[in-house]
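Colleague: my_file_3.cif (mmCIF, C-alpha atoms) pasted underneath:
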```cif
data_start
#
loop_
_atom_site.label_atom_id
_atom_site.label_comp_id
_atom_site.auth_asym_id
_atom_site.auth_seq_id
_atom_site.Cartn_x
_atom_site.Cartn_y
_atom_site.Cartn_z
CA MET R 12 0.00 0.00 0.00
CA GLY R 13 1.30 3.45 -0.84
CA ALA R 14 1.57 5.99 1.94
CA ARG R 15 -0.82 8.70 0.73
CA CYS R 16 -1.58 11.60 3.07
CA GLY R 17 -4.98 11.94 4.74
CA PHE R 18 -6.98 15.18 4.66
CA ARG R 19 -5.56 18.10 6.59
CA ALA R 20 -6.91 21.64 6.84
CA PRO R 21 -5.25 24.45 4.85
CA GLY R 22 -2.34 25.98 6.70
CA TRP R 23 -1.86 22.81 8.76
CA CYS R 24 1.58 22.25 10.23
CA PRO R 25 2.80 19.70 12.80
CA LEU R 26 3.56 20.79 16.37
CA SER R 27 6.94 19.10 16.05
CA ALA R 28 8.92 17.33 13.35
CA PRO R 29 7.46 13.87 12.71
CA PRO R 30 9.77 10.99 13.74
CA ALA R 31 11.55 9.04 11.03
CA SER R 32 9.68 5.79 11.64
CA TYR R 33 6.65 4.23 13.31
CA SER R 34 8.80 2.64 16.03
CA ALA R 35 10.30 6.06 16.81
CA ALA R 36 6.77 7.50 16.96
CA VAL R 37 5.87 4.80 19.50
CA GLU R 38 8.79 5.80 21.73
CA ARG R 39 7.91 9.49 21.38
CA TYR R 40 4.34 8.69 22.43
CA LEU R 41 5.35 6.65 25.47
CA THR R 42 7.59 9.47 26.67
CA GLY R 43 5.49 12.45 25.61
CA ALA R 44 2.17 11.09 26.88
CA GLY R 45 3.68 10.26 30.27
CA ILE R 46 2.89 6.53 30.17
CA ALA R 47 3.91 4.99 33.51
CA LYS R 48 6.94 2.73 33.53
CA SER R 49 4.82 -0.20 34.71
CA SER R 50 2.53 0.22 31.69
CA ALA R 51 5.09 1.20 29.03
CA ARG R 52 6.15 -2.39 28.31
CA ILE R 53 2.57 -3.53 27.66
CA TYR R 54 1.95 -0.45 25.50
CA ARG R 55 5.13 -1.06 23.50
CA ILE R 56 4.25 -4.72 22.88
CA SER R 57 0.70 -3.82 21.82
CA LEU R 58 1.86 -1.04 19.50
CA THR R 59 4.50 -3.32 17.99
CA THR R 60 1.68 -5.78 17.23
CA TRP R 61 -0.23 -3.01 15.48
CA GLY R 62 2.95 -2.16 13.54
CA TRP R 63 2.56 -5.36 11.53
CA MET R 64 -1.11 -4.79 10.89
CA LEU R 65 -0.59 -1.15 9.90
CA THR R 66 1.55 -2.42 7.02
CA GLY R 67 -1.11 -4.89 5.93
CA GLU R 68 0.51 -7.96 7.53
CA PRO R 69 -0.94 -10.26 10.24
CA ALA R 70 0.91 -9.95 13.53
CA PRO R 71 2.80 -13.14 14.46
CA ILE R 72 1.58 -15.00 17.54
CA GLY R 73 2.99 -17.65 19.85
CA PRO R 74 6.49 -18.98 19.15
CA ALA R 75 6.54 -17.17 15.78
CA ARG R 76 6.57 -13.85 17.65
CA ARG R 77 9.92 -14.56 19.33
CA GLY R 78 12.71 -12.93 17.36
CA ALA R 79 10.35 -11.65 14.65
CA LYS R 80 11.50 -8.32 13.23
CA PRO R 81 8.74 -5.67 13.18
CA PRO R 82 8.34 -3.85 9.87
CA VAL R 83 9.98 -0.44 9.42
CA PHE R 84 7.75 2.24 7.89
CA PRO R 85 7.04 5.98 8.26
CA VAL R 86 4.28 6.99 10.67
CA ALA R 87 2.67 8.94 7.81
CA ALA R 88 1.74 5.58 6.23
CA ILE R 89 -1.10 5.41 8.75
CA ASP R 90 -2.90 8.00 6.59
CA ASP R 91 -3.19 5.61 3.63
CA PRO R 92 -6.91 5.74 2.62
CA ALA R 93 -6.86 2.02 1.80
CA LEU R 94 -5.67 1.06 5.28
CA PRO R 95 -8.96 1.04 7.30
CA GLU R 96 -10.49 -1.76 5.22
CA VAL R 97 -7.33 -3.89 5.33
CA LEU R 98 -6.91 -3.22 9.04
CA ALA R 99 -10.50 -4.23 9.81
CA GLU R 100 -9.92 -7.63 8.18
CA LEU R 101 -6.64 -8.19 10.02
CA ALA R 102 -8.14 -7.13 13.35
CA ALA R 103 -11.09 -9.51 12.85
CA ALA R 104 -8.74 -12.39 12.08
CA ARG R 105 -6.64 -11.62 15.16
CA ALA R 106 -9.77 -11.45 17.31
CA ASP R 107 -10.56 -15.03 16.27
CA GLU R 108 -7.15 -16.18 17.54
CA MET R 109 -6.75 -14.15 20.74
CA ASP R 110 -8.91 -13.65 23.83
CA ALA R 111 -11.25 -10.65 23.91
CA ASP R 112 -9.44 -8.93 26.78
CA THR R 113 -6.14 -8.92 24.86
CA VAL R 114 -7.73 -7.71 21.62
CA ASN R 115 -9.67 -4.94 23.38
CA ARG R 116 -6.61 -3.80 25.34
CA GLU R 117 -4.53 -3.65 22.15
CA LEU R 118 -7.24 -1.65 20.36
CA SER R 119 -7.56 0.80 23.26
CA ILE R 120 -3.79 1.36 23.34
CA ALA R 121 -3.62 1.86 19.57
CA ARG R 122 -6.37 4.47 19.67
CA LYS R 123 -4.69 6.37 22.49
CA ALA R 124 -1.41 6.47 20.54
CA ILE R 125 -3.09 7.44 17.28
CA GLY R 126 -5.00 10.22 19.02
CA TRP R 127 -1.75 11.56 20.49
CA TRP R 128 -0.02 11.44 17.09
CA GLN R 129 -2.97 13.29 15.56
CA ARG R 130 -2.65 16.03 18.20
CA GLN R 131 1.03 16.37 17.28
CA GLY R 132 0.00 16.85 13.66
CA TRP R 133 1.98 13.81 12.45
CA ILE R 134 -1.07 12.02 10.99
CA GLY R 135 -4.57 13.07 10.08
CA ALA R 136 -6.60 9.85 10.09
CA ASP R 137 -7.54 7.10 12.53
CA PRO R 138 -7.62 3.83 10.54
CA THR R 139 -9.11 1.93 13.53
CA ILE R 140 -12.31 3.98 13.46
CA GLY R 141 -14.45 1.12 12.12
CA ILE R 142 -13.08 -1.60 14.40
CA GLU R 143 -15.39 -2.55 17.26
CA ARG R 144 -14.42 -3.85 20.68
CA ARG R 145 -15.14 -7.52 21.28
CA PRO R 146 -17.57 -8.49 24.07
CA ALA R 147 -15.44 -9.89 26.88
CA PRO R 148 -16.69 -13.04 28.63
CA PRO R 149 -17.19 -12.82 32.41
CA ASP R 150 -14.14 -13.56 34.53
CA ARG R 151 -14.32 -17.31 35.25
CA THR R 152 -10.82 -17.60 36.64
CA LYS R 153 -10.63 -20.25 39.34
CA ALA R 154 -8.30 -20.18 42.30
CA LEU R 155 -5.73 -22.96 42.47
CA ALA R 156 -6.23 -25.39 45.32
CA GLU R 157 -3.76 -25.25 48.20
CA ASN R 158 -2.28 -28.62 47.24
CA GLN R 159 -1.74 -27.30 43.69
CA ILE R 160 0.14 -24.29 45.07
CA ALA R 161 2.25 -26.63 47.21
CA ALA R 162 2.99 -28.80 44.15
CA LEU R 163 4.00 -25.70 42.20
CA TRP R 164 6.72 -24.92 44.76
CA ARG R 165 8.12 -28.44 44.32
CA LEU R 166 8.72 -28.04 40.56
CA ASP R 167 12.35 -28.23 39.49
CA VAL R 168 12.69 -24.81 37.84
CA ALA R 169 15.31 -22.06 37.72
CA LEU R 170 15.84 -19.65 40.61
CA ARG R 171 14.38 -16.80 38.56
CA GLU R 172 11.09 -18.63 38.08
CA LYS R 173 10.93 -19.80 41.71
CA THR R 174 11.38 -16.22 42.92
CA CYS R 175 8.97 -14.67 40.43
CA TRP R 176 6.18 -17.16 41.13
CA LYS R 177 6.64 -16.93 44.92
CA MET R 178 6.55 -13.13 44.77
CA LEU R 179 3.41 -13.13 42.60
CA TYR R 180 1.54 -15.41 45.01
CA GLU R 181 2.78 -13.94 48.27
CA SER R 182 2.24 -10.33 47.18
CA ALA R 183 -0.94 -10.87 45.13
CA ALA R 184 0.54 -8.34 42.71
CA ARG R 185 -0.11 -8.15 38.99
CA ALA R 186 2.49 -9.90 36.85
CA ASP R 187 3.37 -6.79 34.85
CA GLU R 188 4.01 -4.87 38.08
CA VAL R 189 6.38 -7.51 39.42
CA LEU R 190 8.23 -7.85 36.12
CA CYS R 191 8.75 -4.07 36.03
CA LEU R 192 10.49 -4.09 39.43
CA ASN R 193 14.10 -2.91 39.59
CA VAL R 194 16.61 -3.96 42.22
CA GLU R 195 16.65 -0.42 43.61
CA ASP R 196 12.85 -0.58 44.13
CA LEU R 197 13.20 -3.26 46.82
CA LEU R 198 13.38 -2.95 50.59
CA PRO R 199 14.37 -6.55 51.41
CA SER R 200 14.55 -6.01 55.18
CA ASP R 201 10.92 -4.82 55.14
CA LYS R 202 9.82 -7.49 52.64
CA ARG R 203 8.32 -4.95 50.29
CA GLY R 204 8.90 -3.26 46.94
CA LYS R 205 7.87 -0.02 45.26
CA ILE R 206 5.83 -0.23 42.07
CA THR R 207 4.29 2.28 39.69
CA ALA R 208 0.60 1.41 39.51
CA LYS R 209 -2.09 2.33 37.01
CA GLY R 210 -2.28 6.09 36.57
CA GLY R 211 1.36 6.51 37.61
CA ALA R 212 0.77 6.33 41.37
CA THR R 213 3.55 4.92 43.55
CA GLU R 214 2.41 1.95 45.62
CA TRP R 215 3.98 -0.88 47.61
CA ILE R 216 3.70 -4.65 47.36
CA HIS R 217 4.55 -6.90 50.29
CA TRP R 218 5.85 -10.47 50.34
CA GLN R 219 6.59 -13.19 52.86
CA SER R 220 9.52 -15.33 53.93
CA GLY R 221 9.46 -17.60 50.86
CA THR R 222 10.31 -14.70 48.55
CA ALA R 223 12.63 -13.11 51.11
CA GLN R 224 14.78 -16.26 51.23
CA LEU R 225 15.16 -16.41 47.43
CA LEU R 226 15.78 -12.74 46.61
CA PRO R 227 19.41 -12.47 47.85
CA ARG R 228 20.47 -15.34 45.58
CA LEU R 229 18.63 -13.86 42.60
CA ILE R 230 20.03 -10.36 43.08
CA ALA R 231 23.57 -11.52 43.92
CA ARG R 232 25.76 -8.40 43.91
CA ARG R 233 23.58 -6.29 41.64
CA THR R 234 22.55 -2.90 43.00
CA ARG R 235 20.35 -1.56 40.20
CA GLY R 236 18.54 -2.49 37.02
CA PRO R 237 15.71 -4.95 36.26
CA LEU R 238 15.09 -7.54 38.97
CA PHE R 239 14.10 -10.35 36.61
CA LEU R 240 16.51 -10.76 33.68
CA THR R 241 16.75 -12.90 30.57
CA GLY R 242 19.69 -15.25 30.19
CA ARG R 243 21.22 -13.34 27.27
CA LYS R 244 22.53 -9.91 26.39
CA ALA R 245 19.91 -7.33 25.47
CA PRO R 246 19.45 -6.86 21.69
CA VAL R 247 20.53 -3.60 20.14
CA GLY R 248 17.76 -1.02 20.48
CA THR R 249 16.35 -2.35 23.76
CA PRO R 250 15.15 0.62 25.88
CA THR R 251 17.71 1.59 28.52
CA LEU R 252 15.19 1.04 31.34
CA ASP R 253 14.94 -2.61 30.30
CA VAL R 254 18.69 -3.33 30.33
CA CYS R 255 20.71 -4.23 33.41
CA PRO R 256 23.60 -1.71 33.54
CA GLU R 257 25.79 -4.25 35.37
CA THR R 258 25.26 -7.40 33.25
CA GLY R 259 23.95 -6.02 29.95
CA ARG R 260 21.09 -8.51 30.05
CA ALA R 261 17.49 -7.57 29.20
CA ARG R 262 14.45 -7.47 31.43
CA LEU R 263 12.32 -10.61 31.31
CA SER R 264 9.19 -9.84 29.27
CA TYR R 265 5.65 -10.62 30.36
CA ARG R 266 5.16 -12.73 27.24
CA ARG R 267 8.18 -14.91 27.94
CA ALA R 268 7.41 -15.21 31.66
CA GLU R 269 3.87 -16.32 30.79
CA GLU R 270 5.18 -18.88 28.26
CA ILE R 271 7.54 -20.42 30.82
CA PHE R 272 4.85 -20.66 33.49
CA GLU R 273 2.32 -22.12 31.07
CA GLU R 274 4.78 -24.74 29.78
CA ASN R 275 5.82 -25.82 33.28
CA THR R 276 2.26 -26.19 34.56
CA ARG R 277 0.68 -28.12 31.68
CA LEU R 278 0.90 -31.48 33.44
CA MET R 279 -0.40 -30.01 36.71
CA ALA R 280 -3.32 -28.39 34.89
CA ASN R 281 -4.08 -31.62 32.99
CA PRO R 282 -3.10 -34.48 35.34
CA LEU R 283 -5.02 -37.12 33.36
CA ALA R 284 -3.47 -36.26 30.01
CA SER R 285 -1.04 -38.63 28.31
CA PRO R 286 2.49 -37.49 27.37
CA GLU R 287 1.39 -37.41 23.72
CA GLU R 288 -1.52 -35.07 24.51
CA ILE R 289 0.23 -32.67 26.87
CA GLU R 290 1.91 -30.59 24.14
CA ASP R 291 -1.49 -29.60 22.74
CA LEU R 292 -2.97 -28.62 26.11
CA ASP R 293 -2.70 -25.40 28.10
CA GLY R 294 -1.08 -24.83 31.46
CA TRP R 295 -1.93 -22.11 33.98
CA THR R 296 -1.57 -18.37 33.51
CA LEU R 297 0.43 -16.09 35.80
CA HIS R 298 -2.79 -14.31 36.73
CA ARG R 299 -3.93 -17.48 38.51
CA LEU R 300 -1.33 -16.78 41.22
CA ARG R 301 -2.77 -13.35 42.06
CA HIS R 302 -6.32 -14.66 41.86
CA SER R 303 -5.48 -17.63 44.09
CA ALA R 304 -3.74 -15.50 46.71
CA LEU R 305 -6.69 -13.12 47.05
CA THR R 306 -9.24 -15.96 47.05
CA HIS R 307 -7.31 -17.79 49.78
CA ASP R 308 -7.18 -14.54 51.77
CA ALA R 309 -10.96 -14.15 51.44
CA GLU R 310 -11.54 -17.78 52.48
CA GLY R 311 -9.33 -17.20 55.51
CA GLY R 312 -11.50 -14.35 56.74
CA THR R 313 -9.39 -11.40 55.61
CA SER R 314 -11.38 -8.19 56.00
CA THR R 315 -12.70 -6.23 53.03
CA PRO R 316 -10.47 -3.19 53.72
CA MET R 317 -7.40 -5.46 53.80
CA LEU R 318 -8.45 -7.23 50.61
CA LEU R 319 -8.82 -3.84 48.93
CA ALA R 320 -5.34 -2.87 50.13
CA ARG R 321 -3.81 -6.17 49.02
CA SER R 322 -5.50 -6.19 45.61
CA ARG R 323 -5.21 -2.39 45.17
CA HIS R 324 -8.66 -2.37 43.62
CA ALA R 325 -10.58 0.88 44.04
CA SER R 326 -14.03 -0.70 44.26
CA VAL R 327 -15.46 -3.29 46.65
CA ARG R 328 -17.40 -4.68 43.70
CA SER R 329 -14.09 -5.69 42.09
CA LEU R 330 -13.56 -8.11 44.97
CA GLU R 331 -16.58 -10.22 44.00
CA ARG R 332 -14.44 -12.36 41.69
CA TYR R 333 -12.43 -13.55 44.71
CA ALA R 334 -15.55 -14.39 46.73
CA ARG R 335 -16.08 -17.71 44.91
CA PRO R 336 -14.74 -20.33 47.33
CA GLY R 337 -12.09 -22.69 46.00
CA VAL R 338 -12.24 -26.49 45.99
CA ASP R 339 -10.48 -26.82 49.38
CA SER R 340 -12.85 -24.37 51.02
CA VAL R 341 -15.92 -26.16 49.66
CA ALA R 342 -14.52 -29.54 50.78
CA ARG R 343 -13.99 -28.22 54.32
CA HIS R 344 -17.49 -26.75 54.37
CA VAL R 345 -19.07 -30.07 53.36
CA ALA R 346 -16.91 -32.09 55.79
CA GLU R 347 -17.71 -29.80 58.72
CA ARG R 348 -21.43 -30.29 58.08
CA ASP R 349 -21.26 -34.07 57.61
CA PRO R 350 -23.75 -35.55 60.15
CA ALA R 351 -21.56 -38.64 60.63
CA ALA R 352 -18.57 -36.48 61.46
CA ARG R 353 -20.59 -34.50 64.00
CA ARG R 354 -21.75 -37.73 65.67
CA ARG R 355 -18.15 -38.97 65.91
CA GLY R 356 -17.20 -35.66 67.50
#
```
How does this structure look as structure tokens?
Modeller:
Amino acid sequence: MGARCGFRAPGWCPLSAPPASYSAAVERYLTGAGIAKSSARIYRISLTTWGWMLTGEPAPIGPARRGAKPPVFPVAAIDDPALPEVLAELAAARADEMDADTVNRELSIARKAIGWWQRQGWIGADPTIGIERRPAPPDRTKALAENQIAALWRLDVALREKTCWKMLYESAARADEVLCLNVEDLLPSDKRGKITAKGGATEWIHWQSGTAQLLPRLIARRTRGPLFLTGRKAPVGTPTLDVCPETGRARLSYRRAEEIFEENTRLMANPLASPEEIEDLDGWTLHRLRHSALTHDAEGGTSTPMLLARSRHASVRSLERYARPGVDSVARHVAERDPAARRRG
């Protein structure tokens, strides 16, 4: 598709010189719009996904995404009049492959960025205008049982994964918040860490002894930089905030952390599956750890104000998803009300 300019009023001029490429425009947006550090990684991944579709190509998914080179094109190409129709088809195809929450989040992020670029005068059109949000199914996430959590801790995995998973469960924090932690954000003696939450507010997450025992080995002698690192040097062009200044290694991405967790929990999530079937089945998501922690807190009688503080939700209504008792809680309830058990007592 040729990059033809969209309509602009006579006398129009940009507020600043347009960046040389779409990827540069993404970085300008993240900085200029004041996107919080904890959100910038998700925004960058989503906008990179749109980068493929804005050139008329389907965005790679799954293993094909790893190492795939995003296309290079000028941000002005977004004004191509032929793009909206092509984009609508690509977005519909992607919606058939991905969950509604992911698709809707990506669309929302793209529209925010496009709106910001329009206000800078770099582009005139919004090619996503005809794309509709997908209806999201209700949250049916189930808490893991206590014996499943215990089995998770017994898995033979790397120190990085042990620490990350422990911290996610013990803190009940969101995975993107934990993965955005830097070494200098931690107060190990107080078992807490500083995060940048939604809206840019500074908040604290708290963990327990399991995480506290693992952190010193994970950090080693590092004093700054990303807490959770990949095993290799950061590729050229990786944002400075996502590179350890002491080792040169890159920050572990949400996508990769999710892949590792899912792969390692497939057998636990599908205990009756044969070895031949397991490769085609899904494991657990990292979100299950946060959901399980808050559900177990609720089952244990934790007060509503404390659940709000732990979850960092603003509304009591948001806690309803954690009010569904897990399998262990239901089993205890039934056993405690068993007439035969009461007679024996």
Colleague: Distance atom CA of R:Trp63-atom CA of R:Gly45, one decimal place?
Modeller: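 Computing the Euclidean distance for atom CA of R:Trp63 and atom CA of R:Gly45 yields 24.4 Å.
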Colleague: For R:Ser34, which of R:Arg328, R:Arg55, R:Arg171, R:Lys153 is the closest residue, counting only C-alpha atoms?
Modeller: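 Comparing R:Arg328, R:Arg55, R:Arg171, R:Lys153 against R:Ser34, the winner is R:Arg55.
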Colleague: Measure the distance from atom CA of R:Gly141 to atom CA of R:Ala103 in Å and round it to one decimal.
Modeller: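 Distance reported for this atom pair: 11.2 Å.
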Colleague: When the PyMOL selection byres ((chain R and resi 142) around 9) is applied to the structure above, which residues does it catch, written out as a list in words?
Modeller: Pro95, Leu98, Ala99, Ala102, Ala103, Leu118, Pro138, Thr139, Ile140, Gly141, Glu143 and Arg144 of chain R
Colleague: Can those selected residues be exported to a file as a PDB file, keeping the file's coordinate frame so that it contains C-alpha atoms?
Modeller:
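Done, and the output landed in result-v2.pdb:
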```pdb
ATOM      1  CA  PRO R  95      -8.960   1.040   7.300  1.00  0.00           C
ATOM      2  CA  LEU R  98      -6.910  -3.220   9.040  1.00  0.00           C
ATOM      3  CA  ALA R  99     -10.500  -4.230   9.810  1.00  0.00           C
ATOM      4  CA  ALA R 102      -8.140  -7.130  13.350  1.00  0.00           C
ATOM      5  CA  ALA R 103     -11.090  -9.510  12.850  1.00  0.00           C
ATOM      6  CA  LEU R 118      -7.240  -1.650  20.360  1.00  0.00           C
ATOM      7  CA  PRO R 138      -7.620   3.830  10.540  1.00  0.00           C
ATOM      8  CA  THR R 139      -9.110   1.930  13.530  1.00  0.00           C
ATOM      9  CA  ILE R 140     -12.310   3.980  13.460  1.00  0.00           C
ATOM     10  CA  GLY R 141     -14.450   1.120  12.120  1.00  0.00           C
ATOM     11  CA  GLU R 143     -15.390  -2.550  17.260  1.00  0.00           C
ATOM     12  CA  ARG R 144     -14.420  -3.850  20.680  1.00  0.00           C
TER      13      ARG R 144
END
```
Colleague: Do you know which residues are at most 10 Å from R:Thr251 counting all atoms listed in the file, after dropping those on the same chain fewer than 6 positions away, and could you put them as a PyMOL selection string?
Modeller: chain R and resi 236+245+259+261
Colleague: Keeping C-alpha atoms for every residue in the selection just given, could you write it to a file as an mmCIF file, in the frame of the given file?
Modeller:
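Result file result.cif:
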```
data_model
loop_
_atom_site.group_PDB
_atom_site.id
_atom_site.type_symbol
_atom_site.label_atom_id
_atom_site.label_comp_id
_atom_site.auth_asym_id
_atom_site.auth_seq_id
_atom_site.Cartn_x
_atom_site.Cartn_y
_atom_site.Cartn_z
ATOM 1 C CA GLY R 236 18.540 -2.490 37.020
ATOM 2 C CA ALA R 245 19.910 -7.330 25.470
ATOM 3 C CA GLY R 259 23.950 -6.020 29.950
ATOM 4 C CA ALA R 261 17.490 -7.570 29.200
#
```
Colleague: Work out how far apart atom CA of R:Glu257 and atom CA of R:Pro237 are and give it in Å to one decimal.
Modeller: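 Answer for the atom CA of R:Glu257 to atom CA of R:Pro237 separation: 10.1 Å.
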Colleague: Identify, on the basis of all atoms listed in the file, every residue whose closest approach to R:Asp293 does not exceed 12 Å; exclude the query and any residue fewer than 3 positions from it along the same chain; express the result as a list in words.
Modeller: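 Neighbouring residues, sequence-local ones excluded: Glu269, Glu270, Ile271, Phe272, Glu273, Glu274, Asn275, Thr276, Arg277, Leu278, Met279, Ala280, Asn281, Pro282, Ala284, Glu288, Ile289, Glu290 and Thr296 of chain R.
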Colleague: Run through the PyMOL selection byres ((chain R and resi 219-228) around 9) on the given coordinates and return the selected residues as a PDB file with C-alpha atoms, keeping the file's coordinate frame.
Modeller:
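New file result-v8.pdb:
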```
ATOM      1  CA  LEU R 170      15.840 -19.650  40.610  1.00  0.00           C
ATOM      2  CA  ARG R 171      14.380 -16.800  38.560  1.00  0.00           C
ATOM      3  CA  LYS R 173      10.930 -19.800  41.710  1.00  0.00           C
ATOM      4  CA  THR R 174      11.380 -16.220  42.920  1.00  0.00           C
ATOM      5  CA  CYS R 175       8.970 -14.670  40.430  1.00  0.00           C
ATOM      6  CA  TRP R 176       6.180 -17.160  41.130  1.00  0.00           C
ATOM      7  CA  LYS R 177       6.640 -16.930  44.920  1.00  0.00           C
ATOM      8  CA  MET R 178       6.550 -13.130  44.770  1.00  0.00           C
ATOM      9  CA  GLU R 181       2.780 -13.940  48.270  1.00  0.00           C
ATOM     10  CA  SER R 182       2.240 -10.330  47.180  1.00  0.00           C
ATOM     11  CA  PRO R 199      14.370  -6.550  51.410  1.00  0.00           C
ATOM     12  CA  SER R 200      14.550  -6.010  55.180  1.00  0.00           C
ATOM     13  CA  LYS R 202       9.820  -7.490  52.640  1.00  0.00           C
ATOM     14  CA  ARG R 203       8.320  -4.950  50.290  1.00  0.00           C
ATOM     15  CA  HIS R 217       4.550  -6.900  50.290  1.00  0.00           C
ATOM     16  CA  TRP R 218       5.850 -10.470  50.340  1.00  0.00           C
ATOM     17  CA  LEU R 229      18.630 -13.860  42.600  1.00  0.00           C
ATOM     18  CA  ILE R 230      20.030 -10.360  43.080  1.00  0.00           C
ATOM     19  CA  ALA R 231      23.570 -11.520  43.920  1.00  0.00           C
ATOM     20  CA  ARG R 232      25.760  -8.400  43.910  1.00  0.00           C
TER      21      ARG R 232
END
```
Colleague: List the residues matched by the PyMOL selection byres ((chain R and resi 125-137) around 12) in the displayed structure as a VMD selection string, ordered by chain and then by residue number.
Modeller: chain R and resid 14 to 20 22 to 33 35 to 46 58 61 to 62 65 85 to 96 98 118 to 124 138 to 142
Colleague: Env of R:Arg267: 12 Å cut, atoms = only C-alpha atoms, seq-sep filter 6 positions within chain, self excluded. Answer as a PyMOL selection string.
Modeller: chain R and resi 73-74+76-78+172+186-187+190+239-242+261+273-274+296-297
Colleague: For R:Arg262, which residue among R:Cys191, R:Ile53, R:Ala154, R:Ala325 is the nearest when counting all atoms listed in the file?
Modeller: R:Cys191
Colleague: Give me, as a list in words, all polymer residues having an atom no more than 7 Å from stretch 298-304 of chain R, counting only C-alpha atoms and skipping those fewer than 2 positions away in the same chain.
Modeller: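 Neighbouring residues, sequence-local ones excluded: Ala154, Leu155, Leu179, Tyr180, Glu181, Ala183, Ala184, Arg185, Ala186, Trp295, Thr296, Thr306, His307, Asp308 and Tyr333 of chain R.
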